[in-house]
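Each remark here refers to the structure printed beneath this line.
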Amino acid sequence: MGILESVAAQGSPSTLRPEAEDLAAVRAATLALVGHLERSDLERVLDPLMSPLVWDLAHIAAYEDLWIAHRVGGLELLHPELAAMYDAFETPREVRGEIPLLDLDGAHEYLADVRERSNAVLDGALSDRDLDLDLVELVLRHELQHTETMRQAMSLGGLLPESDPPSRRLSTTERWLSFPAGATTIGAGPDGFAYDNERPRHDRTLDAFQIARRPVTNATWLRFAEGGGYVRREWWSDEGWAWKEEYDIGRDPRVAAAPAEAPVCHVSWFEADAFARSCGARLPTEFEWERASTSGQLDGTGHVWEWTSSPFAAYPGFTAYPYPEYSEVFFGPDYRVLRGGCWATHSRVASPTFRNWDLPQRRQIFSGLRLARSSPEET
């Protein structure tokens, strides 16, 4: 008997499984996020870097249908004709505003119809053995990650509610934390959900290092910008300087408007690297960042994503799951790793082992930095 047939045999369930309740809570938050927006704002391109928000909504539905109804439940796709349009690789961002997408009503209907199928699959499972709960969790976290991406688009389009981002200030005391040389364990363990790029857990030997207790603030960043940060060639890498010159990059105007003691945000990796050089410091490797984070001594994590010096690469023994396009196709020198999460990152997603990544020129993400240095000298 298939999952849907077992539902029919049992009759309509009176309560949802916990996984379905979690999915429902996330969906309510997704719809509330865009509930104040005009239809025209949802259906247009807010910024060339980003998708129309209505694409994200329908993509969330297509992804859920693929992984819960199709892969877990064994059903045919609800709308196979939409699969390519709402596949992030088949339809890249730069063309999403030029093709005939579902309108807002169509996207809402797609979300609702897919969720009905998902609930049937979940409620029809006789036991957890009938479900791949990792795939269900993958779908839930995928939606949470897309609501952060949608906030990026809303920020670029001037559509974030006034309460976002929340006003957060850091301590004015600047301190360095020291860590001795030695082995440290990196990555997620075998139990529970984790993304493929967080595994396998393994040991790394690190040199002695120091890392700032807090992220860099807006006030400190403004001193860099006003002190020649965007004209001092010696602080920039060759690639970073070429990018800055080609696109006439200066400080993001949102920095000057933000509270002085809040962590600086919307900083690219190129800018973060230049800032660190101007301080006689560097960006931490992602392994130094994780070592310091798991010690519980870092202040201000979760305010902004924090750039690291590390390129996005596979851990030794990496196995792609559940599909190579989640992580594997991005491995290499082009992408840099960010750690820690930001104000728009759900706590279910952010963890000390979670690895985000982006191109070094990107500023649309809610990204800042924390300094590190190799010298073990006392400060």
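Chain identifiers are assigned as A, B, and so on, following the order in which chains appear in the structure tokens; residues are numbered from 1 within each chain, and ligands are numbered from 1 in order of appearance.
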Contacts of Met50 (chain A) at 8 Å or less, counting only C-alpha atoms, minus same-chain residues fewer than 5 places along, as a ChimeraX atom specification?
-> /A:45,93-94,153
Residues from the last selection, N, CA and C atoms, saved as a compact mmCIF listing (two decimals), in the first residue's frame:
```txt
# COMPACT_ATOMS: atom_id res chain seq x y z
N VAL A 45 11.40 42.65 -10.81
CA VAL A 45 12.79 42.49 -10.39
C VAL A 45 13.16 43.69 -9.52
N ARG A 93 19.47 33.44 -12.18
CA ARG A 93 18.83 34.68 -11.72
C ARG A 93 18.68 35.72 -12.83
N GLU A 94 19.68 35.83 -13.69
CA GLU A 94 19.65 36.92 -14.64
C GLU A 94 18.54 36.81 -15.67
N ALA A 153 16.75 40.71 -1.23
CA ALA A 153 16.10 41.41 -2.34
C ALA A 153 15.27 42.58 -1.82
```
Based on DSSP run over this structure's backbone, return all residues of region 152-188 of chain A in helix (DSSP H, G or I), as JSON, numbers by chain.
-> {"A": [152, 153, 154, 155, 156]}
Give me the residues within 8 Å of region 349-364 of chain A as JSON, numbers by chain, counting only C-alpha atoms and dropping any in the same chain fewer than 3 places off.
-> {"A": [141, 144, 145, 152, 153, 156, 186, 187, 188, 194, 195, 197, 198, 240, 243, 266, 267, 268, 269, 270, 290, 293, 294, 302, 312, 334, 335, 336, 337, 338, 339, 340, 341, 345, 346, 367]}
Serialized selection, N, CA and C atoms, as an mmCIF file, in the first residue's frame:
```cif
data_model
loop_
_atom_site.group_PDB
_atom_site.id
_atom_site.type_symbol
_atom_site.label_atom_id
_atom_site.label_comp_id
_atom_site.auth_asym_id
_atom_site.auth_seq_id
_atom_site.Cartn_x
_atom_site.Cartn_y
_atom_site.Cartn_z
ATOM 1 N N ARG A 141 14.525 23.653 5.852
ATOM 2 C CA ARG A 141 15.631 24.609 5.917
ATOM 3 C C ARG A 141 15.816 25.341 4.592
ATOM 4 N N LEU A 144 13.587 28.245 4.830
ATOM 5 C CA LEU A 144 14.146 29.233 5.745
ATOM 6 C C LEU A 144 15.284 30.010 5.091
ATOM 7 N N GLN A 145 16.111 29.326 4.315
ATOM 8 C CA GLN A 145 17.206 30.011 3.637
ATOM 9 C C GLN A 145 16.686 30.953 2.553
ATOM 10 N N GLN A 152 17.174 39.827 1.428
ATOM 11 C CA GLN A 152 18.235 40.523 0.690
ATOM 12 C C GLN A 152 17.638 41.331 -0.462
ATOM 13 N N ALA A 153 16.752 40.707 -1.227
ATOM 14 C CA ALA A 153 16.104 41.408 -2.336
ATOM 15 C C ALA A 153 15.274 42.578 -1.818
ATOM 16 N N LEU A 156 17.555 45.495 -0.935
ATOM 17 C CA LEU A 156 18.013 46.206 -2.127
ATOM 18 C C LEU A 156 16.899 47.044 -2.742
ATOM 19 N N ILE A 186 36.636 19.564 13.481
ATOM 20 C CA ILE A 186 35.886 20.444 12.594
ATOM 21 C C ILE A 186 34.739 19.665 11.967
ATOM 22 N N GLY A 187 33.588 20.327 11.840
ATOM 23 C CA GLY A 187 32.479 19.740 11.104
ATOM 24 C C GLY A 187 31.422 19.106 11.983
ATOM 25 N N ALA A 188 30.340 18.686 11.325
ATOM 26 C CA ALA A 188 29.200 18.092 12.021
ATOM 27 C C ALA A 188 29.420 16.601 12.234
ATOM 28 N N ALA A 194 22.595 17.596 8.965
ATOM 29 C CA ALA A 194 23.635 18.551 8.577
ATOM 30 C C ALA A 194 23.735 18.525 7.065
ATOM 31 N N TYR A 195 24.215 19.600 6.488
ATOM 32 C CA TYR A 195 24.420 19.630 5.045
ATOM 33 C C TYR A 195 25.659 18.833 4.686
ATOM 34 N N ASN A 197 28.234 19.487 2.992
ATOM 35 C CA ASN A 197 29.535 20.154 3.077
ATOM 36 C C ASN A 197 30.039 20.326 4.506
ATOM 37 N N GLU A 198 29.194 20.030 5.506
ATOM 38 C CA GLU A 198 29.618 20.090 6.901
ATOM 39 C C GLU A 198 30.260 18.790 7.376
ATOM 40 N N GLY A 240 40.873 42.310 -6.063
ATOM 41 C CA GLY A 240 39.978 43.231 -5.381
ATOM 42 C C GLY A 240 40.098 44.649 -5.914
ATOM 43 N N TRP A 243 38.383 44.941 -9.301
ATOM 44 C CA TRP A 243 36.923 45.000 -9.128
ATOM 45 C C TRP A 243 36.492 46.376 -8.655
ATOM 46 N N HIS A 266 26.874 44.435 4.777
ATOM 47 C CA HIS A 266 26.940 44.629 3.323
ATOM 48 C C HIS A 266 28.375 44.925 2.871
ATOM 49 N N VAL A 267 29.304 44.161 3.424
ATOM 50 C CA VAL A 267 30.715 44.268 3.072
ATOM 51 C C VAL A 267 31.085 43.066 2.205
ATOM 52 N N SER A 268 31.745 43.303 1.084
ATOM 53 C CA SER A 268 32.211 42.208 0.239
ATOM 54 C C SER A 268 33.483 41.592 0.823
ATOM 55 N N TRP A 269 33.837 40.408 0.311
ATOM 56 C CA TRP A 269 35.085 39.782 0.759
ATOM 57 C C TRP A 269 36.275 40.638 0.365
ATOM 58 N N PHE A 270 36.257 41.211 -0.831
ATOM 59 C CA PHE A 270 37.360 42.059 -1.262
ATOM 60 C C PHE A 270 37.568 43.216 -0.285
ATOM 61 N N GLU A 290 35.652 28.390 13.511
ATOM 62 C CA GLU A 290 34.886 27.334 14.177
ATOM 63 C C GLU A 290 35.511 26.954 15.509
ATOM 64 N N SER A 293 34.509 29.715 17.832
ATOM 65 C CA SER A 293 33.071 29.719 18.087
ATOM 66 C C SER A 293 32.669 28.616 19.045
ATOM 67 N N THR A 294 33.207 27.428 18.856
ATOM 68 C CA THR A 294 32.822 26.315 19.728
ATOM 69 C C THR A 294 33.392 26.456 21.126
ATOM 70 N N GLY A 302 26.068 35.948 14.877
ATOM 71 C CA GLY A 302 24.656 35.962 14.515
ATOM 72 C C GLY A 302 24.129 37.330 14.144
ATOM 73 N N PHE A 312 35.779 27.849 -0.593
ATOM 74 C CA PHE A 312 34.798 26.796 -0.323
ATOM 75 C C PHE A 312 35.302 25.490 -0.927
ATOM 76 N N ASP A 334 36.762 30.060 -6.474
ATOM 77 C CA ASP A 334 35.923 31.218 -6.809
ATOM 78 C C ASP A 334 35.081 31.710 -5.640
ATOM 79 N N TYR A 335 34.715 30.831 -4.720
ATOM 80 C CA TYR A 335 33.804 31.173 -3.633
ATOM 81 C C TYR A 335 34.540 31.181 -2.298
ATOM 82 N N ARG A 336 34.153 32.105 -1.423
ATOM 83 C CA ARG A 336 34.720 32.198 -0.085
ATOM 84 C C ARG A 336 33.654 31.835 0.950
ATOM 85 N N VAL A 337 34.113 31.268 2.050
ATOM 86 C CA VAL A 337 33.212 30.775 3.091
ATOM 87 C C VAL A 337 32.873 31.889 4.075
ATOM 88 N N LEU A 338 31.601 31.946 4.457
ATOM 89 C CA LEU A 338 31.132 32.820 5.535
ATOM 90 C C LEU A 338 30.620 31.943 6.668
ATOM 91 N N ARG A 339 30.765 32.424 7.871
ATOM 92 C CA ARG A 339 30.332 31.655 9.033
ATOM 93 C C ARG A 339 29.469 32.507 9.960
ATOM 94 N N GLY A 340 28.683 31.820 10.791
ATOM 95 C CA GLY A 340 28.038 32.437 11.935
ATOM 96 C C GLY A 340 26.584 32.831 11.806
ATOM 97 N N GLY A 341 26.074 33.026 10.578
ATOM 98 C CA GLY A 341 24.692 33.472 10.451
ATOM 99 C C GLY A 341 24.567 34.968 10.666
ATOM 100 N N THR A 345 19.038 35.082 9.547
ATOM 101 C CA THR A 345 19.223 33.642 9.479
ATOM 102 C C THR A 345 18.470 32.971 10.617
ATOM 103 N N HIS A 346 17.634 31.998 10.301
ATOM 104 C CA HIS A 346 16.886 31.298 11.340
ATOM 105 C C HIS A 346 17.838 30.459 12.190
ATOM 106 N N SER A 367 26.559 40.689 5.358
ATOM 107 C CA SER A 367 27.886 40.178 5.686
ATOM 108 C C SER A 367 28.784 41.261 6.266
#
```
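Shortest atom-to-atom contact with Leu170 (chain A) among A:Leu102, A:Val231, A:Leu222, A:Val304: A:Val304, counting only C-alpha atoms.
Here CA of Arg282 (chain A) is placed at a distance of 5.9 Å from CA of Leu371 (chain A).
Those residues that approach Ser309 (chain A) to within 6 Å, counting only C-alpha atoms, are Leu283, Pro284 and Thr285 of chain A; same-chain residues fewer than 2 positions away are not listed.
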In region 148-345 of chain A, what's strand (DSSP E) per DSSP? Answer as a PyMOL selection string?
-> chain A and resi 176-179+182-186+202-206+209-212+305-312+332-339
How far is it from CA of His142 (chain A) to CA of Thr185 (chain A), in Å with one decimal?
-> 26.7 Å
